[in-house]
Each structure stands twice: as C-alpha cells, then as structure tokens.
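Next up, work.tsv (TSV, C-alpha atoms):
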chain	number	residue	atom	x	y	z
A	1	MET	CA	-11.48	-14.66	32.71
A	2	SER	CA	-9.18	-14.54	35.66
A	3	SER	CA	-9.71	-16.85	38.58
A	4	ARG	CA	-6.75	-15.51	40.53
A	5	SER	CA	-7.76	-14.36	43.98
A	6	PHE	CA	-4.59	-13.29	45.78
A	7	ARG	CA	-4.80	-9.90	47.49
A	8	ARG	CA	-3.26	-6.70	46.24
A	9	PRO	CA	-0.68	-5.56	48.79
A	10	LEU	CA	-2.21	-2.92	51.03
A	11	GLY	CA	1.12	-1.12	51.20
A	12	LEU	CA	0.90	-0.32	47.51
A	13	LEU	CA	-2.47	1.45	47.53
A	14	ALA	CA	-4.79	1.61	50.49
A	15	VAL	CA	-8.52	2.05	50.09
A	16	GLY	CA	-9.53	5.51	51.23
A	17	ALA	CA	-12.71	6.35	53.08
A	18	PHE	CA	-15.66	7.35	50.96
A	19	ALA	CA	-15.29	11.13	50.94
A	20	ALA	CA	-17.90	13.83	50.65
A	21	ALA	CA	-15.37	16.45	49.55
A	22	THR	CA	-15.76	18.10	46.17
A	23	LEU	CA	-13.28	19.19	43.53
A	24	VAL	CA	-13.72	22.13	41.21
A	25	ALA	CA	-13.21	21.86	37.47
A	26	GLY	CA	-14.01	24.88	35.37
A	27	ALA	CA	-17.13	26.49	36.77
A	28	GLY	CA	-18.53	23.52	38.69
A	29	ALA	CA	-17.76	20.98	41.37
A	30	GLY	CA	-18.22	17.24	41.53
A	31	PRO	CA	-20.54	15.66	44.09
A	32	VAL	CA	-17.93	13.41	45.70
A	33	THR	CA	-14.36	12.40	45.10
A	34	PHE	CA	-13.52	8.90	43.99
A	35	GLY	CA	-11.07	8.65	46.86
A	36	LYS	CA	-8.18	6.25	46.57
A	37	HIS	CA	-8.41	3.32	44.22
A	38	PHE	CA	-7.53	-0.30	44.90
A	39	HIS	CA	-5.53	-1.01	41.78
A	40	GLY	CA	-2.79	-3.43	40.94
A	41	ASN	CA	-1.38	-6.90	40.70
A	42	HIS	CA	-3.94	-8.57	38.42
A	43	TYR	CA	-6.41	-9.12	41.26
A	44	SER	CA	-9.91	-10.27	40.35
A	45	GLY	CA	-12.56	-9.42	42.91
A	46	GLY	CA	-11.48	-5.92	43.94
A	47	ASN	CA	-13.51	-2.74	43.57
A	48	TRP	CA	-13.16	-2.61	39.78
A	49	GLY	CA	-13.55	-5.05	36.93
A	50	GLY	CA	-13.58	-5.34	33.16
A	51	TYR	CA	-10.78	-6.19	30.74
A	52	VAL	CA	-7.13	-5.27	31.14
A	53	SER	CA	-4.21	-5.90	28.78
A	54	PHE	CA	-0.61	-5.69	29.91
A	55	GLY	CA	2.13	-3.81	28.12
A	56	SER	CA	3.45	-0.31	27.44
A	57	PHE	CA	0.45	1.04	25.51
A	58	THR	CA	0.26	4.56	24.10
A	59	THR	CA	-3.49	4.71	23.43
A	60	ALA	CA	-6.60	3.25	25.03
A	61	THR	CA	-10.09	3.98	23.77
A	62	ALA	CA	-13.60	2.64	24.38
A	63	GLY	CA	-17.22	3.67	24.20
A	64	TRP	CA	-20.30	2.82	26.22
A	65	THR	CA	-23.93	3.83	26.52
A	66	GLU	CA	-24.38	5.43	29.91
A	67	PRO	CA	-26.78	3.11	31.75
A	68	SER	CA	-29.73	4.20	33.83
A	69	ALA	CA	-29.23	3.49	37.53
A	70	THR	CA	-31.43	3.16	40.60
A	71	CYS	CA	-29.85	4.10	43.93
A	72	ASN	CA	-30.04	1.49	46.66
A	73	SER	CA	-28.23	3.70	49.19
A	74	SER	CA	-26.52	7.08	49.41
A	75	ASN	CA	-23.19	5.21	49.40
A	76	ASP	CA	-23.66	3.91	45.85
A	77	LEU	CA	-21.03	5.19	43.44
A	78	PHE	CA	-19.65	3.76	40.23
A	79	ALA	CA	-18.07	4.74	36.93
A	80	PRO	CA	-17.20	3.21	33.60
A	81	TRP	CA	-13.77	4.46	32.53
A	82	VAL	CA	-10.86	3.93	30.16
A	83	GLY	CA	-7.26	4.21	31.24
A	84	ILE	CA	-3.59	3.45	30.91
A	85	ASP	CA	-1.75	1.92	33.91
A	86	GLY	CA	-3.60	0.94	37.06
A	87	ASP	CA	-3.05	-2.81	37.11
A	88	GLY	CA	0.42	-3.80	38.22
A	89	SER	CA	1.37	-0.16	38.84
A	90	SER	CA	0.84	2.58	41.42
A	91	SER	CA	-0.50	5.13	38.94
A	92	VAL	CA	-3.43	5.34	36.53
A	93	GLU	CA	-4.42	7.89	33.91
A	94	GLN	CA	-8.15	7.61	33.30
A	95	THR	CA	-11.35	9.35	32.22
A	96	GLY	CA	-15.01	8.42	32.39
A	97	VAL	CA	-18.42	9.23	33.86
A	98	ALA	CA	-19.35	8.80	37.52
A	99	THR	CA	-22.83	7.96	38.78
A	100	ASP	CA	-23.15	9.24	42.35
A	101	CYS	CA	-26.04	8.48	44.72
A	102	SER	CA	-25.06	10.62	47.71
A	103	SER	CA	-28.09	12.88	47.10
A	104	GLY	CA	-30.44	9.88	46.99
A	105	SER	CA	-30.87	9.94	43.22
A	106	PRO	CA	-28.32	9.20	40.48
A	107	GLN	CA	-26.18	12.15	39.41
A	108	TYR	CA	-24.02	11.69	36.30
A	109	GLN	CA	-20.76	13.58	36.04
A	110	ALA	CA	-17.81	13.49	33.65
A	111	TRP	CA	-14.34	13.35	35.18
A	112	TYR	CA	-10.68	12.49	34.71
A	113	GLU	CA	-8.00	11.40	37.12
A	114	MET	CA	-4.21	11.20	37.15
A	115	TYR	CA	-3.93	8.87	40.11
A	116	PRO	CA	-2.51	9.23	42.75
A	117	ALA	CA	-3.72	12.82	42.33
A	118	ALA	CA	-7.39	13.37	43.16
A	119	PRO	CA	-10.08	13.15	40.45
A	120	VAL	CA	-11.23	16.30	38.67
A	121	TYR	CA	-14.90	16.68	37.74
A	122	TYR	CA	-16.21	18.71	34.84
A	123	SER	CA	-19.21	20.86	35.67
A	124	ALA	CA	-22.63	19.58	34.66
A	125	SER	CA	-23.18	22.77	32.65
A	126	GLU	CA	-20.10	22.27	30.46
A	127	ALA	CA	-20.24	18.48	30.20
A	128	PRO	CA	-23.79	17.23	30.83
A	129	VAL	CA	-24.48	13.49	30.84
A	130	LYS	CA	-27.77	11.65	30.91
A	131	ALA	CA	-28.64	7.97	30.95
A	132	GLY	CA	-28.76	6.75	27.36
A	133	ASP	CA	-25.97	9.03	26.15
A	134	HIS	CA	-23.18	7.33	24.22
A	135	ILE	CA	-19.75	8.19	25.61
A	136	THR	CA	-16.34	7.71	23.98
A	137	ALA	CA	-13.20	7.97	26.13
A	138	THR	CA	-9.59	7.98	24.93
A	139	VAL	CA	-6.28	8.27	26.75
A	140	THR	CA	-3.20	8.95	24.61
A	141	ARG	CA	0.36	8.88	25.95
A	142	SER	CA	3.47	10.52	24.54
A	143	ASN	CA	6.39	9.80	26.86
A	144	ASN	CA	5.13	11.22	30.20
A	145	SER	CA	2.44	13.45	28.67
A	146	TYR	CA	-1.17	12.23	28.65
A	147	LYS	CA	-4.06	13.57	26.60
A	148	LEU	CA	-7.44	12.57	28.05
A	149	ASP	CA	-10.44	12.98	25.75
A	150	LEU	CA	-14.02	12.41	26.85
A	151	LYS	CA	-16.76	12.82	24.25
A	152	ASN	CA	-20.51	12.71	24.60
A	153	ASP	CA	-21.46	11.49	21.14
A	154	THR	CA	-25.17	12.03	21.84
A	155	GLN	CA	-25.01	15.61	23.10
A	156	GLY	CA	-22.06	16.62	20.95
A	157	TRP	CA	-19.51	17.90	23.44
A	158	THR	CA	-15.87	16.90	23.96
A	159	LYS	CA	-13.66	17.65	26.97
A	160	THR	CA	-9.90	17.38	26.54
A	161	THR	CA	-7.08	17.86	29.01
A	162	THR	CA	-3.35	17.22	28.78
A	163	GLN	CA	-1.51	16.21	31.94
A	164	SER	CA	1.98	15.05	32.87
A	165	LEU	CA	2.90	12.12	35.07
A	166	ASN	CA	5.97	9.96	35.55
A	167	ALA	CA	4.10	6.66	35.24
A	168	GLN	CA	5.00	3.03	34.65
A	169	HIS	CA	3.02	2.33	31.45
A	170	SER	CA	2.13	-1.18	32.59
A	171	SER	CA	-1.37	-1.76	31.19
A	172	ALA	CA	-4.48	-0.48	29.45
A	173	GLU	CA	-8.06	-1.21	30.44
A	174	ALA	CA	-11.79	-0.64	30.04
A	175	ILE	CA	-13.34	-0.82	33.51
A	176	ILE	CA	-16.29	-0.24	35.80
A	177	GLU	CA	-15.39	0.76	39.33
A	178	SER	CA	-17.06	1.48	42.64
A	179	PRO	CA	-14.57	3.13	45.04
A	180	SER	CA	-17.18	2.79	47.80
A	181	ASP	CA	-17.60	-0.92	46.93
A	182	SER	CA	-21.32	-0.19	46.59
A	183	TYR	CA	-22.94	-0.29	43.17
A	184	PRO	CA	-26.42	1.04	42.38
A	185	ALA	CA	-28.85	-1.14	40.45
A	186	ILE	CA	-27.77	-0.74	36.82
A	187	ASN	CA	-30.43	-1.44	34.23
A	188	GLY	CA	-29.02	-3.84	31.63
A	189	GLY	CA	-25.48	-3.72	32.99
A	190	VAL	CA	-22.72	-1.77	31.28
A	191	LYS	CA	-21.97	-2.42	27.61
A	192	PHE	CA	-18.59	-1.37	26.21
A	193	ASP	CA	-17.94	-1.00	22.49
A	194	GLY	CA	-15.08	0.08	20.25
A	195	VAL	CA	-12.45	-1.04	22.77
A	196	LYS	CA	-9.00	-0.69	21.25
A	197	PHE	CA	-5.49	-0.47	22.69
A	198	ASP	CA	-2.81	0.97	20.40
A	199	GLY	CA	-5.35	0.73	17.57
A	200	LYS	CA	-5.74	-3.02	18.00
A	201	ASN	CA	-9.04	-4.66	18.85
A	202	LEU	CA	-9.33	-5.63	22.51
A	203	ALA	CA	-9.40	-9.32	21.54
A	204	ASP	CA	-6.00	-8.98	19.85
A	205	THR	CA	-4.19	-7.54	22.90
A	206	SER	CA	-4.18	-10.65	25.14
A	207	PRO	CA	-6.82	-9.23	27.51
A	208	GLN	CA	-7.53	-10.58	30.97
A	209	GLY	CA	-11.03	-10.40	32.45
A	210	LEU	CA	-11.40	-9.16	36.01
A	211	ASN	CA	-14.46	-9.50	38.25
A	212	ALA	CA	-15.55	-6.63	40.52
A	213	ASP	CA	-16.94	-7.15	44.01
A	214	ASP	CA	-20.34	-5.61	44.76
A	215	GLY	CA	-20.31	-5.10	48.51
A	216	GLY	CA	-19.56	-8.76	49.15
A	217	SER	CA	-23.07	-9.75	48.07
A	218	ALA	CA	-22.57	-10.14	44.31
A	219	THR	CA	-20.02	-9.93	41.53
A	220	TRP	CA	-19.83	-7.85	38.36
A	221	THR	CA	-18.44	-10.09	35.65
A	222	PRO	CA	-17.14	-9.28	32.16
A	223	GLY	CA	-18.85	-11.31	29.45
A	224	ALA	CA	-17.14	-12.81	26.44
A	225	ILE	CA	-15.66	-10.38	23.95
A	226	GLY	CA	-17.99	-9.93	20.99
A	227	SER	CA	-17.38	-11.25	17.49
A	228	ASP	CA	-16.21	-7.75	16.49
A	229	GLY	CA	-13.29	-8.13	18.91
A	230	GLN	CA	-14.12	-4.75	20.45
A	231	SER	CA	-17.16	-5.15	22.72
A	232	PHE	CA	-18.21	-6.77	26.00
A	233	SER	CA	-20.75	-6.33	28.78
A	234	MET	CA	-20.42	-6.14	32.56
A	235	THR	CA	-23.31	-7.86	34.35
A	236	ARG	CA	-24.13	-8.48	38.01
A	237	GLN	CA	-24.04	-12.14	39.06
Show this structure as structure tokens.
Amino acid sequence: MSSRSFRRPLGLLAVGAFAAATLVAGAGAGPVTFGKHFHGNHYSGGNWGGYVSFGSFTTATAGWTEPSATCNSSNDLFAPWVGIDGDGSSSVEQTGVATDCSSGSPQYQAWYEMYPAAPVYYSASEAPVKAGDHITATVTRSNNSYKLDLKNDTQGWTKTTTQSLNAQHSSAEAIIESPSDSYPAINGGVKFDGVKFDGKNLADTSPQGLNADDGGSATWTPGAIGSDGQSFSMTRQ
C-alpha cells in the first residue's frame, strides 16, 4: 500500500462544497450531487481509497455487495465505484452506488459520472438498490467513447449509458469515496470482488493501494488482495 502523503495540487481539482442540489435521470432525481472530486497524483489519504493501476486501460470491472450503513450525521455520503482515469488526470469516467444520509437514514442510489461533468442519478424506481444486493460495475472505453454498465445481480436490472469525453486514459480503479469526507458506519466494511482491468486480475496490473480519510478521525484502508487476485476489502482503522 502507498505511504506517499504529498498533497494533490488544489489548482487541478478543488473540493466543492457538499451540495443539496439534485440531478434528474430518467423519471427520478438523486438526493444530492457528489460535488467535485479530489482526484489525482497518487495521493493516499484523500477523500477516496481502494486500488488503482496506472496505464491506458480500456476496461475496468468490479463487483461488491452493497453494505448496510448507519448514519452518524446528515453529512454522511459515500459510494463504491469503478472507473477509468481519476488518478493522475483531471477527468474520471465512473459508475457505482451512492449511500446518502441527508434525510437522516441511508438512501441507496445508482449513478454514473463523467467528471468534470456532474453526476447523474438513476431513479429509485428504475434502478432500486438495497443493502445486501450484489452490484457489478463496468466501464469500457473505445477511443473517446465510454460505455458505463451498472448491474444489480440480485434484483436483475442493468443500466447502461454511452458517453463521450476527451480524457487522458491514465488509470483504472476500484474505489470507495466520500465527497463530503464523512462516512457513515458501514457494517463489515466494503468487499470488492471480480476486480479486473483489461481482463487481467487486479493483482496482475501492478495495483497501488490508497487510504481514504474519514473526517480526520480514522482511515479506510484497502486490505491485501485475495488469493484469487481479484478481491479486497476496505475497512475503517
């Protein structure tokens, strides 16, 4: 795991205020936006952590079982996601599931984002998610076209969108992130499985582990990659 602690340059991507605005996708709207992310420059200890591999990847895929969460405050917000770019670049193409506590109880919502554009949430009616559901996320790149697939293996739905972006193709990653730098209590942590970049097991892509800050009071740390080469857990330390 990385022990590097130099700061990402604020001029590259500034952290936005935690917003209460909503974005419409299909027939529904998300509870809050993710705001701006704090990506880039291989920095361990920012607002997201997991495993990242560097290179011009064309596919990134991973699964996880959506964990149950207990809200500590209305500011709690986090998401597991899979993406291309984001570390060492000013863009990221990602999809995952957000857990939002702004209502006082955890609300799960599927989303995708072509950063620096704002995130887009799928409505809860078309893409419902509950704790315990197994999710599989895949981002596939062809030149500057990106296909983002999010599948709820438990409930049997798949959401797919194709977007265009002139991006840098610098990395691929499986991540948990809290744009508000405030994580809820997550029962059992977050367990990723089936992590592959360009069809190769995570362990075979020279991955780098990154810690995530939890409001300055704790750290979310990626565990060792499993013997299958494709799995790891994020736990609060």
Which polymer residues have any atom within 7 Å of an atom of region 46-57 of chain A, counting only C-alpha atoms, with same-chain residues fewer than 4 positions away left out, as an mmCIF file with C-alpha atoms, in the coordinates of the input?
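To be explicit, this is the file written out as part_17.cif:
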data_model
loop_
_atom_site.group_PDB
_atom_site.id
_atom_site.type_symbol
_atom_site.label_atom_id
_atom_site.label_comp_id
_atom_site.auth_asym_id
_atom_site.auth_seq_id
_atom_site.Cartn_x
_atom_site.Cartn_y
_atom_site.Cartn_z
ATOM 1 C CA PHE A 38 -7.530 -0.300 44.900
ATOM 2 C CA HIS A 169 3.020 2.330 31.450
ATOM 3 C CA SER A 170 2.130 -1.180 32.590
ATOM 4 C CA SER A 171 -1.370 -1.760 31.190
ATOM 5 C CA ALA A 172 -4.480 -0.480 29.450
ATOM 6 C CA GLU A 173 -8.060 -1.210 30.440
ATOM 7 C CA ALA A 174 -11.790 -0.640 30.040
ATOM 8 C CA ILE A 175 -13.340 -0.820 33.510
ATOM 9 C CA ILE A 176 -16.290 -0.240 35.800
ATOM 10 C CA GLU A 177 -15.390 0.760 39.330
ATOM 11 C CA SER A 178 -17.060 1.480 42.640
ATOM 12 C CA PRO A 179 -14.570 3.130 45.040
ATOM 13 C CA ASP A 181 -17.600 -0.920 46.930
ATOM 14 C CA PHE A 197 -5.490 -0.470 22.690
ATOM 15 C CA ASP A 198 -2.810 0.970 20.400
ATOM 16 C CA THR A 205 -4.190 -7.540 22.900
ATOM 17 C CA SER A 206 -4.180 -10.650 25.140
ATOM 18 C CA PRO A 207 -6.820 -9.230 27.510
ATOM 19 C CA GLN A 208 -7.530 -10.580 30.970
ATOM 20 C CA GLY A 209 -11.030 -10.400 32.450
ATOM 21 C CA LEU A 210 -11.400 -9.160 36.010
ATOM 22 C CA ASN A 211 -14.460 -9.500 38.250
ATOM 23 C CA ALA A 212 -15.550 -6.630 40.520
ATOM 24 C CA ASP A 213 -16.940 -7.150 44.010
ATOM 25 C CA PRO A 222 -17.140 -9.280 32.160
ATOM 26 C CA MET A 234 -20.420 -6.140 32.560
#
I'd like a table as a Markdown table: residues in region 128-195 of chain A with an atom no more than 9 Å from region 99-119 of chain A, each row giving the shortest atom pair and its distance in Å to one decimal, only C-alpha atoms counted, sorted by chain and rising residue number.
| residue | atom | partner | partner_atom | distance |
| --- | --- | --- | --- | --- |
| A:Pro128 | CA | A:Gln109 | CA | 7.0 |
| A:Val129 | CA | A:Tyr108 | CA | 5.8 |
| A:Lys130 | CA | A:Tyr108 | CA | 6.6 |
| A:Ala131 | CA | A:Tyr108 | CA | 8.0 |
| A:Leu148 | CA | A:Tyr112 | CA | 7.4 |
| A:Asp149 | CA | A:Tyr112 | CA | 9.0 |
| A:Leu150 | CA | A:Ala110 | CA | 7.9 |
| A:Lys159 | CA | A:Ala110 | CA | 8.9 |
| A:Thr161 | CA | A:Tyr112 | CA | 8.6 |
| A:Gln163 | CA | A:Met114 | CA | 7.7 |
| A:Ser164 | CA | A:Met114 | CA | 8.5 |
| A:Leu165 | CA | A:Met114 | CA | 7.5 |
| A:Pro184 | CA | A:Cys101 | CA | 7.8 |
Could you list, as a short mmCIF file (atom, residue, chain, number, x, y, z; two decimals) with C-alpha atoms, in the frame of the given file, every residue within 6 Å of region 188-190 of chain A, counting all atoms listed in the file and ignoring same-chain residues fewer than 2 positions away?
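As written to disk, result-v4.cif reads:
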data_model
loop_
_atom_site.label_atom_id
_atom_site.label_comp_id
_atom_site.auth_asym_id
_atom_site.auth_seq_id
_atom_site.Cartn_x
_atom_site.Cartn_y
_atom_site.Cartn_z
CA ILE A 186 -27.77 -0.74 36.82
CA SER A 233 -20.75 -6.33 28.78
CA MET A 234 -20.42 -6.14 32.56
CA THR A 235 -23.31 -7.86 34.35
#
Compare A:Ser217, A:Gln237, A:Thr138, A:Ser182 by their minimum atom-to-atom distance to Glu93 (chain A), counting all atoms listed in the file, and give me the closest one.
A:Thr138
My list of candidates is A:Asp76, A:Leu202, A:Asp85, A:Val92. Which is closest to Gly215 (chain A) when distances are computed with all atoms listed in the file?
A:Asp76
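Take the candidates A:Thr61, A:Thr154, A:Asn166, A:Asn72 and check each one against Gly96 (chain A) using all atoms listed in the file; the shortest distance goes to A:Thr61.
Residues in contact range of Gly199 (chain A), defined as at most 8 Å between all atoms listed in the file, with sequence neighbours fewer than 3 positions away removed, read Thr59, Ala60 and Lys196 of chain A.
Relative to CA of Gln155 (chain A), CA of Glu66 (chain A) is found at 12.3 Å.
Using all atoms listed in the file, the smallest distance between any of A:Gln168, A:Val139, A:Tyr146, A:Lys151 and Gly88 (chain A) comes from A:Gln168.
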Spatial neighbours of Trp64 (chain A), 10 Å, all atoms listed in the file, chain gap at least 2 places, as a PyMOL selection string
chain A and resi 62+66-67+80-81+96+132-137+174+190-195+231-233
What does the structure give for the distance between CA of Asn201 (chain A) and CA of Gly86 (chain A), in Å to one decimal?
19.8 Å
Hey, can you check how far CA of Leu77 (chain A) sits from CA of Glu126 (chain A)?
21.5 Å
Block slice region 58-97 of chain A, N, CA and C atoms, emitted as a tab-separated table (two decimals), in the first residue's frame:
chain	number	residue	atom	x	y	z
A	58	THR	N	-8.65	-0.01	-21.22
A	58	THR	CA	-9.89	0.12	-21.99
A	58	THR	C	-11.09	-0.47	-21.27
A	59	THR	N	-10.88	-1.30	-20.25
A	59	THR	CA	-11.99	-1.81	-19.45
A	59	THR	C	-11.60	-1.86	-17.97
A	60	ALA	N	-12.59	-1.59	-17.13
A	60	ALA	CA	-12.43	-1.75	-15.69
A	60	ALA	C	-13.74	-2.32	-15.17
A	61	THR	N	-13.65	-3.40	-14.41
A	61	THR	CA	-14.87	-4.01	-13.87
A	61	THR	C	-14.63	-4.50	-12.45
A	62	ALA	N	-15.67	-4.46	-11.63
A	62	ALA	CA	-15.59	-4.97	-10.26
A	62	ALA	C	-16.99	-5.17	-9.74
A	63	GLY	N	-17.11	-6.03	-8.74
A	63	GLY	CA	-18.37	-6.23	-8.05
A	63	GLY	C	-18.21	-5.95	-6.57
A	64	TRP	N	-19.33	-5.79	-5.90
A	64	TRP	CA	-19.33	-5.66	-4.44
A	64	TRP	C	-20.74	-5.96	-3.93
A	65	THR	N	-20.82	-6.36	-2.69
A	65	THR	CA	-22.12	-6.49	-2.02
A	65	THR	C	-22.39	-5.19	-1.30
A	66	GLU	N	-23.49	-4.54	-1.65
A	66	GLU	CA	-23.80	-3.24	-1.08
A	66	GLU	C	-23.95	-3.39	0.44
A	67	PRO	N	-23.10	-2.68	1.20
A	67	PRO	CA	-23.14	-2.88	2.66
A	67	PRO	C	-24.28	-2.11	3.31
A	68	SER	N	-24.72	-2.59	4.45
A	68	SER	CA	-25.67	-1.82	5.25
A	68	SER	C	-24.91	-0.71	5.97
A	69	ALA	N	-25.55	0.43	6.12
A	69	ALA	CA	-24.90	1.59	6.71
A	69	ALA	C	-25.79	2.19	7.78
A	70	THR	N	-25.16	2.80	8.79
A	70	THR	CA	-25.86	3.55	9.83
A	70	THR	C	-25.37	4.98	9.78
A	71	CYS	N	-26.29	5.92	9.63
A	71	CYS	CA	-25.90	7.33	9.51
A	71	CYS	C	-25.47	7.90	10.85
A	72	ASN	N	-24.32	8.53	10.86
A	72	ASN	CA	-23.86	9.25	12.05
A	72	ASN	C	-24.28	10.71	12.00
A	73	SER	N	-24.42	11.26	10.79
A	73	SER	CA	-24.84	12.64	10.60
A	73	SER	C	-25.48	12.77	9.23
A	74	SER	N	-26.17	13.88	9.01
A	74	SER	CA	-26.82	14.11	7.71
A	74	SER	C	-25.79	14.45	6.64
A	75	ASN	N	-24.54	14.63	7.03
A	75	ASN	CA	-23.47	14.93	6.07
A	75	ASN	C	-22.82	13.67	5.52
A	76	ASP	N	-23.14	12.51	6.07
A	76	ASP	CA	-22.52	11.26	5.62
A	76	ASP	C	-22.93	10.95	4.18
A	77	LEU	N	-21.94	10.59	3.38
A	77	LEU	CA	-22.16	10.26	1.98
A	77	LEU	C	-20.98	9.44	1.49
A	78	PHE	N	-21.25	8.29	0.88
A	78	PHE	CA	-20.14	7.54	0.31
A	78	PHE	C	-20.64	6.66	-0.82
A	79	ALA	N	-19.70	6.20	-1.64
A	79	ALA	CA	-20.06	5.30	-2.73
A	79	ALA	C	-18.89	4.40	-3.09
A	80	PRO	N	-19.15	3.11	-3.28
A	80	PRO	CA	-18.21	2.26	-4.01
A	80	PRO	C	-18.41	2.54	-5.50
A	81	TRP	N	-17.31	2.56	-6.26
A	81	TRP	CA	-17.43	2.76	-7.70
A	81	TRP	C	-16.25	2.15	-8.43
A	82	VAL	N	-16.42	2.01	-9.74
A	82	VAL	CA	-15.39	1.54	-10.65
A	82	VAL	C	-15.19	2.60	-11.72
A	83	GLY	N	-13.95	2.84	-12.11
A	83	GLY	CA	-13.75	3.87	-13.12
A	83	GLY	C	-12.46	3.73	-13.88
A	84	ILE	N	-12.38	4.52	-14.93
A	84	ILE	CA	-11.16	4.74	-15.70
A	84	ILE	C	-10.79	6.21	-15.52
A	85	ASP	N	-9.48	6.49	-15.46
A	85	ASP	CA	-8.96	7.83	-15.15
A	85	ASP	C	-9.20	8.15	-13.68
A	86	GLY	N	-8.91	9.39	-13.30
A	86	GLY	CA	-9.19	9.85	-11.95
A	86	GLY	C	-7.97	10.01	-11.08
A	87	ASP	N	-6.94	9.20	-11.29
A	87	ASP	CA	-5.71	9.36	-10.51
A	87	ASP	C	-4.61	9.73	-11.48
A	88	GLY	N	-4.07	10.93	-11.31
A	88	GLY	CA	-3.07	11.42	-12.24
A	88	GLY	C	-3.69	12.10	-13.45
A	89	SER	N	-5.01	12.37	-13.41
A	89	SER	CA	-5.68	13.04	-14.51
A	89	SER	C	-6.77	13.94	-13.96
A	90	SER	N	-7.30	14.81	-14.82
A	90	SER	CA	-8.34	15.75	-14.40
A	90	SER	C	-9.73	15.30	-14.85
A	91	SER	N	-9.86	14.04	-15.24
A	91	SER	CA	-11.16	13.50	-15.63
A	91	SER	C	-11.31	12.13	-15.02
A	92	VAL	N	-12.55	11.66	-14.92
A	92	VAL	CA	-12.82	10.30	-14.46
A	92	VAL	C	-14.17	9.87	-14.99
A	93	GLU	N	-14.23	8.62	-15.44
A	93	GLU	CA	-15.44	8.05	-16.02
A	93	GLU	C	-15.83	6.88	-15.11
A	94	GLN	N	-16.93	6.99	-14.38
A	94	GLN	CA	-17.16	6.10	-13.26
A	94	GLN	C	-18.65	5.79	-13.09
A	95	THR	N	-18.93	4.66	-12.43
A	95	THR	CA	-20.30	4.31	-12.09
A	95	THR	C	-20.31	3.50	-10.81
A	96	GLY	N	-21.37	3.66	-10.02
A	96	GLY	CA	-21.44	2.97	-8.75
A	96	GLY	C	-22.76	3.22	-8.06
A	97	VAL	N	-22.77	3.05	-6.74
A	97	VAL	CA	-23.97	3.25	-5.92
A	97	VAL	C	-23.62	4.17	-4.76
